[in-house]
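Quick look at upload_22.pdb (PDB, C-alpha atoms and all ligand atoms):
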```pdb
ATOM      1  CA  TYR U   1      10.697   5.095  13.664  1.00  0.00           C
ATOM      2  CA  ARG U   2       8.910   6.307  10.563  1.00  0.00           C
ATOM      3  CA  TRP U   3      11.639   5.265   8.155  1.00  0.00           C
ATOM      4  CA  GLU U   4      11.824   1.791   9.690  1.00  0.00           C
ATOM      5  CA  ILE U   5       8.071   1.307   9.273  1.00  0.00           C
ATOM      6  CA  THR U   6       8.285   2.545   5.674  1.00  0.00           C
ATOM      7  CA  ARG U   7      11.055   0.101   4.969  1.00  0.00           C
ATOM      8  CA  SER U   8       9.185  -2.845   6.492  1.00  0.00           C
ATOM      9  CA  ALA U   9       5.886  -1.885   4.846  1.00  0.00           C
ATOM     10  CA  LEU U  10       7.455  -1.878   1.378  1.00  0.00           C
ATOM     11  CA  GLU U  11      10.085  -4.575   1.839  1.00  0.00           C
ATOM     12  CA  GLN U  12       8.216  -7.262  -0.135  1.00  0.00           C
ATOM     13  CA  ARG U  13       7.678  -4.767  -2.975  1.00  0.00           C
ATOM     14  CA  VAL U  14       3.967  -5.332  -2.632  1.00  0.00           C
ATOM     15  CA  PHE U  15       1.453  -4.218  -0.047  1.00  0.00           C
ATOM     16  CA  ALA U  16      -2.027  -5.670  -0.119  1.00  0.00           C
ATOM     17  CA  ILE U  17      -5.203  -3.600  -0.110  1.00  0.00           C
ATOM     18  CA  VAL U  18      -8.271  -4.922   1.647  1.00  0.00           C
ATOM     19  CA  ARG U  19     -11.403  -3.057   0.597  1.00  0.00           C
ATOM     20  CA  ALA U  20     -14.370  -5.217   1.619  1.00  0.00           C
ATOM     21  CA  GLU U  21     -18.143  -4.991   2.046  1.00  0.00           C
ATOM     22  CA  SER U  22     -18.089  -6.088   5.664  1.00  0.00           C
ATOM     23  CA  TYR U  23     -15.878  -6.418   8.708  1.00  0.00           C
ATOM     24  CA  GLU U  24     -16.055 -10.215   8.437  1.00  0.00           C
ATOM     25  CA  LYS U  25     -14.962 -10.243   4.795  1.00  0.00           C
ATOM     26  CA  ALA U  26     -12.175  -7.770   5.521  1.00  0.00           C
ATOM     27  CA  THR U  27     -10.699  -9.744   8.412  1.00  0.00           C
ATOM     28  CA  ALA U  28     -11.057 -13.023   6.480  1.00  0.00           C
ATOM     29  CA  ALA U  29      -9.234 -11.502   3.483  1.00  0.00           C
ATOM     30  CA  ALA U  30      -6.523 -10.089   5.735  1.00  0.00           C
ATOM     31  CA  ASP U  31      -6.067 -13.475   7.459  1.00  0.00           C
ATOM     32  CA  ALA U  32      -5.805 -15.216   4.080  1.00  0.00           C
ATOM     33  CA  LEU U  33      -3.217 -12.703   2.838  1.00  0.00           C
ATOM     34  CA  LEU U  34      -1.131 -12.849   6.010  1.00  0.00           C
ATOM     35  CA  GLY U  35      -1.390 -16.643   6.074  1.00  0.00           C
ATOM     36  CA  ALA U  36      -0.123 -16.685   2.484  1.00  0.00           C
ATOM     37  CA  GLY U  37       2.976 -14.735   3.448  1.00  0.00           C
ATOM     38  CA  ILE U  38       2.032 -11.114   2.774  1.00  0.00           C
ATOM     39  CA  THR U  39       3.657  -8.977   5.459  1.00  0.00           C
ATOM     40  CA  SER U  40       2.116  -5.575   4.779  1.00  0.00           C
ATOM     41  CA  LEU U  41      -1.503  -4.629   4.142  1.00  0.00           C
ATOM     42  CA  GLU U  42      -3.901  -1.729   4.413  1.00  0.00           C
ATOM     43  CA  ILE U  43      -7.537  -1.855   5.401  1.00  0.00           C
ATOM     44  CA  SER U  44      -9.379   0.728   3.357  1.00  0.00           C
ATOM     45  CA  LEU U  45     -11.553   3.064   5.436  1.00  0.00           C
ATOM     46  CA  THR U  46     -14.448   2.510   3.006  1.00  0.00           C
ATOM     47  CA  THR U  47     -14.755  -0.925   4.648  1.00  0.00           C
ATOM     48  CA  PRO U  48     -17.451  -0.991   7.365  1.00  0.00           C
ATOM     49  CA  PHE U  49     -15.840  -1.027  10.839  1.00  0.00           C
ATOM     50  CA  ALA U  50     -12.431  -0.615   9.205  1.00  0.00           C
ATOM     51  CA  LEU U  51     -10.946   0.887  12.360  1.00  0.00           C
ATOM     52  CA  GLU U  52     -12.058  -2.121  14.403  1.00  0.00           C
ATOM     53  CA  ALA U  53     -10.541  -4.412  11.788  1.00  0.00           C
ATOM     54  CA  ILE U  54      -7.246  -2.535  12.021  1.00  0.00           C
ATOM     55  CA  SER U  55      -7.232  -2.795  15.836  1.00  0.00           C
ATOM     56  CA  THR U  56      -8.100  -6.499  15.757  1.00  0.00           C
ATOM     57  CA  LEU U  57      -5.355  -7.274  13.250  1.00  0.00           C
ATOM     58  CA  ARG U  58      -2.815  -5.237  15.205  1.00  0.00           C
ATOM     59  CA  ARG U  59      -3.710  -7.097  18.388  1.00  0.00           C
ATOM     60  CA  GLU U  60      -3.612 -10.498  16.689  1.00  0.00           C
ATOM     61  CA  THR U  61      -0.434 -10.061  14.678  1.00  0.00           C
ATOM     62  CA  GLY U  62       1.631  -7.819  16.970  1.00  0.00           C
ATOM     63  CA  ASP U  63       4.694  -6.565  15.166  1.00  0.00           C
ATOM     64  CA  ASP U  64       4.892  -9.517  12.764  1.00  0.00           C
ATOM     65  CA  SER U  65       2.830  -7.680  10.143  1.00  0.00           C
ATOM     66  CA  ILE U  66       2.564  -4.070   9.123  1.00  0.00           C
ATOM     67  CA  ILE U  67      -1.116  -3.102   9.191  1.00  0.00           C
ATOM     68  CA  GLY U  68      -2.046   0.296   7.752  1.00  0.00           C
ATOM     69  CA  ALA U  69      -5.124   2.327   6.879  1.00  0.00           C
ATOM     70  CA  GLY U  70      -6.110   3.178   3.308  1.00  0.00           C
ATOM     71  CA  THR U  71      -8.405   5.771   1.725  1.00  0.00           C
ATOM     72  CA  VAL U  72      -7.558   8.230   4.492  1.00  0.00           C
ATOM     73  CA  LEU U  73      -9.162  11.407   3.172  1.00  0.00           C
ATOM     74  CA  ASP U  74      -8.686  13.962   5.937  1.00  0.00           C
ATOM     75  CA  ALA U  75      -6.920  14.737   9.200  1.00  0.00           C
ATOM     76  CA  PRO U  76      -9.725  13.465  11.501  1.00  0.00           C
ATOM     77  CA  SER U  77      -9.690  10.066   9.745  1.00  0.00           C
ATOM     78  CA  ALA U  78      -5.897  10.033   9.935  1.00  0.00           C
ATOM     79  CA  ARG U  79      -6.016  10.579  13.708  1.00  0.00           C
ATOM     80  CA  LEU U  80      -8.663   7.882  14.169  1.00  0.00           C
ATOM     81  CA  ALA U  81      -6.563   5.456  12.123  1.00  0.00           C
ATOM     82  CA  VAL U  82      -3.480   6.236  14.211  1.00  0.00           C
ATOM     83  CA  ASP U  83      -5.481   5.634  17.405  1.00  0.00           C
ATOM     84  CA  ALA U  84      -6.792   2.340  16.005  1.00  0.00           C
ATOM     85  CA  GLY U  85      -3.202   1.186  15.573  1.00  0.00           C
ATOM     86  CA  ALA U  86      -2.517   1.821  11.877  1.00  0.00           C
ATOM     87  CA  ARG U  87       1.219   1.847  11.221  1.00  0.00           C
ATOM     88  CA  PHE U  88       1.009   3.662   7.883  1.00  0.00           C
ATOM     89  CA  LEU U  89      -1.564   5.820   6.108  1.00  0.00           C
ATOM     90  CA  VAL U  90      -2.462   5.696   2.410  1.00  0.00           C
ATOM     91  CA  SER U  91      -4.664   8.164   0.556  1.00  0.00           C
ATOM     92  CA  PRO U  92      -5.957   8.426  -3.018  1.00  0.00           C
ATOM     93  CA  GLY U  93      -5.169  12.163  -2.937  1.00  0.00           C
ATOM     94  CA  LEU U  94      -2.733  14.678  -1.531  1.00  0.00           C
ATOM     95  CA  ASP U  95      -3.892  16.454   1.637  1.00  0.00           C
ATOM     96  CA  PRO U  96      -1.069  18.127   3.600  1.00  0.00           C
ATOM     97  CA  GLU U  97      -3.078  17.692   6.830  1.00  0.00           C
ATOM     98  CA  VAL U  98      -3.115  13.911   6.435  1.00  0.00           C
ATOM     99  CA  ILE U  99       0.673  13.933   6.029  1.00  0.00           C
ATOM    100  CA  ARG U 100       1.122  16.239   9.044  1.00  0.00           C
ATOM    101  CA  THR U 101      -1.155  14.115  11.209  1.00  0.00           C
ATOM    102  CA  GLY U 102       0.634  10.859  10.379  1.00  0.00           C
ATOM    103  CA  HIS U 103       4.028  12.455  10.913  1.00  0.00           C
ATOM    104  CA  ARG U 104       2.990  14.036  14.220  1.00  0.00           C
ATOM    105  CA  TYR U 105       2.484  10.494  15.521  1.00  0.00           C
ATOM    106  CA  GLY U 106       5.577   9.092  13.833  1.00  0.00           C
ATOM    107  CA  ILE U 107       3.976   7.007  11.117  1.00  0.00           C
ATOM    108  CA  PRO U 108       4.614   7.141   7.356  1.00  0.00           C
ATOM    109  CA  VAL U 109       2.108   8.545   4.883  1.00  0.00           C
ATOM    110  CA  PHE U 110       1.769   7.536   1.222  1.00  0.00           C
ATOM    111  CA  PRO U 111      -0.460  10.144  -0.469  1.00  0.00           C
ATOM    112  CA  GLY U 112      -1.969   9.735  -3.919  1.00  0.00           C
ATOM    113  CA  VAL U 113      -0.383  11.482  -6.904  1.00  0.00           C
ATOM    114  CA  ALA U 114      -1.111  11.379 -10.622  1.00  0.00           C
ATOM    115  CA  SER U 115       1.258  13.870 -12.241  1.00  0.00           C
ATOM    116  CA  PRO U 116       4.850  15.117 -11.941  1.00  0.00           C
ATOM    117  CA  THR U 117       3.555  18.349 -10.346  1.00  0.00           C
ATOM    118  CA  GLU U 118       1.711  16.395  -7.643  1.00  0.00           C
ATOM    119  CA  MET U 119       4.748  14.180  -7.134  1.00  0.00           C
ATOM    120  CA  LEU U 120       6.921  17.245  -6.522  1.00  0.00           C
ATOM    121  CA  ARG U 121       4.381  18.711  -4.120  1.00  0.00           C
ATOM    122  CA  ALA U 122       4.158  15.411  -2.207  1.00  0.00           C
ATOM    123  CA  LEU U 123       7.960  15.225  -1.952  1.00  0.00           C
ATOM    124  CA  GLU U 124       8.095  18.816  -0.668  1.00  0.00           C
ATOM    125  CA  LEU U 125       5.477  17.942   1.962  1.00  0.00           C
ATOM    126  CA  GLY U 126       7.683  15.088   3.177  1.00  0.00           C
ATOM    127  CA  ALA U 127       5.580  12.172   1.922  1.00  0.00           C
ATOM    128  CA  ASP U 128       7.314   8.877   2.703  1.00  0.00           C
ATOM    129  CA  ALA U 129       6.347   7.307  -0.649  1.00  0.00           C
ATOM    130  CA  LEU U 130       3.969   8.358  -3.408  1.00  0.00           C
ATOM    131  CA  LYS U 131       0.970   6.263  -4.372  1.00  0.00           C
ATOM    132  CA  LEU U 132       0.492   6.555  -8.136  1.00  0.00           C
ATOM    133  CA  PHE U 133      -3.267   6.262  -8.403  1.00  0.00           C
ATOM    134  CA  PRO U 134      -5.005   4.953 -10.380  1.00  0.00           C
ATOM    135  CA  ALA U 135      -2.053   3.232 -12.019  1.00  0.00           C
ATOM    136  CA  SER U 136      -4.394   1.526 -14.520  1.00  0.00           C
ATOM    137  CA  GLY U 137      -4.547   4.867 -16.362  1.00  0.00           C
ATOM    138  CA  TYR U 138      -0.762   4.879 -16.743  1.00  0.00           C
ATOM    139  CA  GLY U 139       1.774   2.177 -17.432  1.00  0.00           C
ATOM    140  CA  PRO U 140       5.324   1.162 -16.575  1.00  0.00           C
ATOM    141  CA  GLY U 141       6.601   3.217 -19.550  1.00  0.00           C
ATOM    142  CA  TRP U 142       5.040   6.365 -18.080  1.00  0.00           C
ATOM    143  CA  LEU U 143       6.728   5.710 -14.737  1.00  0.00           C
ATOM    144  CA  ARG U 144      10.083   5.098 -16.421  1.00  0.00           C
ATOM    145  CA  ASP U 145       9.825   8.444 -18.264  1.00  0.00           C
ATOM    146  CA  VAL U 146       8.807  10.365 -15.141  1.00  0.00           C
ATOM    147  CA  ARG U 147      11.553   8.781 -13.073  1.00  0.00           C
ATOM    148  CA  ALA U 148      14.154   9.861 -15.616  1.00  0.00           C
ATOM    149  CA  ALA U 149      13.349  13.407 -14.443  1.00  0.00           C
ATOM    150  CA  LEU U 150      12.456  12.534 -10.829  1.00  0.00           C
ATOM    151  CA  PRO U 151      14.666   9.569  -9.860  1.00  0.00           C
ATOM    152  CA  GLN U 152      14.331  10.591  -6.199  1.00  0.00           C
ATOM    153  CA  ALA U 153      10.594   9.811  -6.152  1.00  0.00           C
ATOM    154  CA  PRO U 154       9.654   6.551  -4.355  1.00  0.00           C
ATOM    155  CA  VAL U 155       6.545   5.498  -6.289  1.00  0.00           C
ATOM    156  CA  LEU U 156       3.852   2.938  -5.391  1.00  0.00           C
ATOM    157  CA  PRO U 157       1.636   2.179  -8.401  1.00  0.00           C
ATOM    158  CA  THR U 158      -1.819   1.132  -7.204  1.00  0.00           C
ATOM    159  CA  GLY U 159      -5.112   0.316  -8.909  1.00  0.00           C
ATOM    160  CA  GLY U 160      -5.470  -2.394 -11.526  1.00  0.00           C
ATOM    161  CA  ILE U 161      -2.082  -4.026 -10.857  1.00  0.00           C
ATOM    162  CA  THR U 162      -2.040  -7.758 -11.557  1.00  0.00           C
ATOM    163  CA  VAL U 163       0.272 -10.637 -10.679  1.00  0.00           C
ATOM    164  CA  GLU U 164       1.510 -10.437 -14.272  1.00  0.00           C
ATOM    165  CA  SER U 165       2.020  -6.650 -14.431  1.00  0.00           C
ATOM    166  CA  ALA U 166       3.558  -6.055 -10.974  1.00  0.00           C
ATOM    167  CA  PRO U 167       7.098  -7.143 -11.989  1.00  0.00           C
ATOM    168  CA  ASP U 168       7.007  -4.734 -14.975  1.00  0.00           C
ATOM    169  CA  TRP U 169       6.214  -1.836 -12.642  1.00  0.00           C
ATOM    170  CA  ILE U 170       9.041  -2.811 -10.296  1.00  0.00           C
ATOM    171  CA  ALA U 171      11.407  -3.107 -13.262  1.00  0.00           C
ATOM    172  CA  ALA U 172      10.299   0.407 -14.308  1.00  0.00           C
ATOM    173  CA  GLY U 173      11.473   1.743 -10.941  1.00  0.00           C
ATOM    174  CA  ALA U 174       8.468   1.390  -8.633  1.00  0.00           C
ATOM    175  CA  VAL U 175       9.435   0.805  -5.006  1.00  0.00           C
ATOM    176  CA  ALA U 176       6.412  -1.444  -4.424  1.00  0.00           C
ATOM    177  CA  CYS U 177       2.956  -2.089  -5.880  1.00  0.00           C
ATOM    178  CA  GLY U 178      -0.347  -1.760  -4.048  1.00  0.00           C
ATOM    179  CA  MET U 179      -2.611  -4.678  -4.971  1.00  0.00           C
ATOM    180  CA  GLY U 180      -6.235  -5.281  -4.053  1.00  0.00           C
ATOM    181  CA  SER U 181      -8.629  -7.412  -6.081  1.00  0.00           C
ATOM    182  CA  ALA U 182      -5.882  -9.314  -7.936  1.00  0.00           C
ATOM    183  CA  LEU U 183      -4.826 -10.832  -4.616  1.00  0.00           C
ATOM    184  CA  THR U 184      -7.955 -10.887  -2.498  1.00  0.00           C
ATOM    185  CA  GLU U 185     -10.573 -12.405  -4.815  1.00  0.00           C
ATOM    186  CA  GLY U 186     -11.339 -16.097  -4.386  1.00  0.00           C
ATOM    187  CA  ASP U 187     -11.005 -18.556  -1.541  1.00  0.00           C
ATOM    188  CA  ARG U 188      -8.079 -18.952   0.827  1.00  0.00           C
ATOM    189  CA  GLU U 189      -6.352 -21.448  -1.417  1.00  0.00           C
ATOM    190  CA  THR U 190      -6.589 -19.131  -4.442  1.00  0.00           C
ATOM    191  CA  VAL U 191      -5.196 -16.238  -2.409  1.00  0.00           C
ATOM    192  CA  ALA U 192      -2.281 -18.413  -1.251  1.00  0.00           C
ATOM    193  CA  LYS U 193      -1.527 -19.491  -4.833  1.00  0.00           C
ATOM    194  CA  ARG U 194      -1.662 -15.935  -6.189  1.00  0.00           C
ATOM    195  CA  VAL U 195       0.534 -14.543  -3.430  1.00  0.00           C
ATOM    196  CA  SER U 196       3.184 -17.192  -3.860  1.00  0.00           C
ATOM    197  CA  GLU U 197       3.167 -16.747  -7.648  1.00  0.00           C
ATOM    198  CA  LEU U 198       3.469 -12.975  -7.227  1.00  0.00           C
ATOM    199  CA  LEU U 199       6.365 -13.151  -4.762  1.00  0.00           C
ATOM    200  CA  GLN U 200       8.172 -15.600  -7.042  1.00  0.00           C
ATOM    201  CA  ARG U 201       7.637 -13.414 -10.126  1.00  0.00           C
ATOM    202  CA  LEU U 202       8.893 -10.336  -8.287  1.00  0.00           C
ATOM    203  CA  GLU U 203      11.986 -12.189  -7.167  1.00  0.00           C
ATOM    204  CA  ASP U 204      12.630 -13.545 -10.690  1.00  0.00           C
ATOM    205  CA  ALA U 205      12.136 -10.175 -12.383  1.00  0.00           C
ATOM    206  CA  VAL U 206      14.125  -8.038  -9.991  1.00  0.00           C
ATOM    207  CA  PRO U 207      15.958  -9.950  -7.253  1.00  0.00           C
ATOM    208  CA  ALA U 208      15.735  -8.199  -3.886  1.00  0.00           C
ATOM    209  CA  ALA U 209      18.940  -6.498  -2.812  1.00  0.00           C
ATOM    210  CA  ALA U 210      21.005  -8.736  -0.534  1.00  0.00           C
TER     211      ALA U 210
HETATM  212  C1  LIG R 301      -8.408   0.269  -4.399  1.00  0.00           C
HETATM  213  O1  LIG R 301      -8.867   1.329  -4.749  1.00  0.00           O
HETATM  214  O2  LIG R 301      -9.028  -0.574  -3.750  1.00  0.00           O
HETATM  215  C2  LIG R 301      -6.986   0.026  -4.751  1.00  0.00           C
HETATM  216  O3  LIG R 301      -6.526   0.999  -5.609  1.00  0.00           O
HETATM  217  C3  LIG R 301      -6.758  -1.361  -5.289  1.00  0.00           C
HETATM  218  O4  LIG R 301      -7.237  -1.493  -6.540  1.00  0.00           O
HETATM  219  P1  LIG R 301      -7.208  -2.932  -7.254  1.00  0.00           P
HETATM  220  O5  LIG R 301      -8.300  -3.745  -6.601  1.00  0.00           O
HETATM  221  O6  LIG R 301      -7.480  -2.613  -8.694  1.00  0.00           O
HETATM  222  O7  LIG R 301      -5.837  -3.512  -7.028  1.00  0.00           O
END
```
Can you turn what I pasted into structure tokens?
Amino acid sequence: YRWEITRSALEQRVFAIVRAESYEKATAAADALLGAGITSLEISLTTPFALEAISTLRRETGDDSIIGAGTVLDAPSARLAVDAGARFLVSPGLDPEVIRTGHRYGIPVFPGVASPTEMLRALELGADALKLFPASGYGPGWLRDVRAALPQAPVLPTGGITVESAPDWIAAGAVACGMGSALTEGDRETVAKRVSELLQRLEDAVPAAA
């Protein structure tokens, strides 16, 4: 069910973003992240052969990992991503057709928002969580202020989040952070070190509910 996928996709309070120059780099980055213990990641559709990468990862990892599609800009891309096996859809913007398409096939959609008005619109459209993008232009204090008025909004800050800043966003009320370059740059060993440091920092800052 949609709510179960949402829950699993955001359970670690981080989902990784793989935006690569090639299919090979994308699948290598995804393997490194999954090997390091990340359970949820999106392959951005700007990546060449992104749909093939999604299908391959789905086939290889089964239901152990939650593989989604990112940078889903319109309904046709949403449908292609669903057919490729994406289990959630992420977008930098708010297109009702993307939300409808994901929901028609029972998968959650996290559209991009960047203001309280857009957050309200996304909630009205039934978005499963709201990607605050690009979060680098805001800060945890901004999120805390907005959530005072909209505590019902499940927010996913994304763009420019670092291992150091992620716990501050979670402490400010974010449900999870979307993280790309801060996790994926470097060799396999570096990725493993960053991921384990991140998961530890998140746990220290805001222990997961029992
Ligand atoms: C992206 O656009 O690739 C995501 O927002 C991730 O951004 P980041 O690499 O700054 O985490």
Sort by chain and increasing residue number a table of all residues of range 80-102 of chain U within 12 Å of range 173-180 of chain U, each with its closest pair of atoms and their distance in Å to one decimal, counting all atoms listed in the file, and write it as a Markdown table.
```
| residue | atom | partner | partner_atom | distance |
| --- | --- | --- | --- | --- |
| U:Val90 | CA | U:Gly178 | CA | 10.1 |
| U:Ser91 | CA | U:Gly178 | CA | 11.8 |
| U:Pro92 | CA | U:Gly178 | CA | 11.7 |
```
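Across U:Arg87, U:His103, U:Arg144, U:Arg121, the tightest approach to Asp63 in chain U is made by U:Arg87 when counting only C-alpha atoms.
Applying the 9 Å criterion to (10.4, -4.5, 9.1) in file coordinates and using only C-alpha atoms, one obtains the residues Glu4, Ile5, Thr6, Arg7, Ser8, Ala9, Leu10, Glu11, Thr39, Asp63, Asp64, Ser65 and Ile66 of chain U.
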Selection dump of the PyMOL selection byres (((not hetatm)) within 12 of (chain R and resi 301)), as a ChimeraX atom specification: /U:14-21,41-47,69-72,90-93,112,131-137,156-163,165-166,177-185
Chain and number of each residue from the PyMOL selection byres (((chain U and resi 200) around 12) and not hetatm), as a count of residues only: 23
Non-local contacts of Thr117 in chain U (12 Å; all atoms listed in the file; under 5 positions in same chain excluded) as a PyMOL selection string: chain U and resi 94+122-124+146+149-150+153
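Picture a line from CA of Asp83 in chain U to CA of Ala29 in chain U; it runs 22.4 Å.
If only C-alpha atoms are the atoms counted, then among U:Ala114, U:Ala192, U:Ala26, U:Leu120 the closest residue to Thr56 in chain U is U:Ala26.
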Export of range 163-180 of chain U: N, CA and C atoms, as a short mmCIF file (atom, residue, chain, number, x, y, z; two decimals), in the first residue's frame:
```
data_model
loop_
_atom_site.label_atom_id
_atom_site.label_comp_id
_atom_site.auth_asym_id
_atom_site.auth_seq_id
_atom_site.Cartn_x
_atom_site.Cartn_y
_atom_site.Cartn_z
N VAL U 163 26.04 15.82 5.87
CA VAL U 163 26.03 14.90 7.01
C VAL U 163 25.90 15.72 8.30
N GLU U 164 26.51 16.89 8.31
CA GLU U 164 26.47 17.74 9.51
C GLU U 164 25.11 18.42 9.68
N SER U 165 24.49 18.87 8.57
CA SER U 165 23.26 19.65 8.70
C SER U 165 21.99 18.78 8.80
N ALA U 166 22.05 17.54 8.33
CA ALA U 166 20.84 16.70 8.32
C ALA U 166 20.18 16.60 9.70
N PRO U 167 20.95 16.35 10.78
CA PRO U 167 20.28 16.23 12.09
C PRO U 167 19.56 17.51 12.51
N ASP U 168 20.09 18.69 12.10
CA ASP U 168 19.42 19.95 12.46
C ASP U 168 18.06 20.05 11.78
N TRP U 169 17.99 19.59 10.52
CA TRP U 169 16.72 19.61 9.81
C TRP U 169 15.72 18.65 10.45
N ILE U 170 16.19 17.49 10.87
CA ILE U 170 15.28 16.53 11.51
C ILE U 170 14.81 17.11 12.85
N ALA U 171 15.73 17.74 13.57
CA ALA U 171 15.35 18.35 14.86
C ALA U 171 14.35 19.49 14.64
N ALA U 172 14.39 20.12 13.46
CA ALA U 172 13.46 21.22 13.17
C ALA U 172 12.10 20.69 12.69
N GLY U 173 11.97 19.37 12.59
CA GLY U 173 10.66 18.80 12.26
C GLY U 173 10.58 18.12 10.91
N ALA U 174 11.70 18.06 10.17
CA ALA U 174 11.66 17.35 8.88
C ALA U 174 11.42 15.86 9.13
N VAL U 175 10.66 15.24 8.24
CA VAL U 175 10.41 13.80 8.35
C VAL U 175 11.64 13.02 7.93
N ALA U 176 12.29 13.50 6.87
CA ALA U 176 13.51 12.87 6.34
C ALA U 176 14.20 13.90 5.46
N CYS U 177 15.50 13.66 5.19
CA CYS U 177 16.24 14.54 4.29
C CYS U 177 16.57 13.77 3.01
N GLY U 178 16.52 14.47 1.89
CA GLY U 178 17.01 13.90 0.63
C GLY U 178 18.46 14.33 0.47
N MET U 179 19.35 13.37 0.23
CA MET U 179 20.77 13.72 0.13
C MET U 179 21.43 13.09 -1.09
N GLY U 180 22.07 13.93 -1.90
CA GLY U 180 22.75 13.46 -3.09
C GLY U 180 24.25 13.48 -2.92
#
```
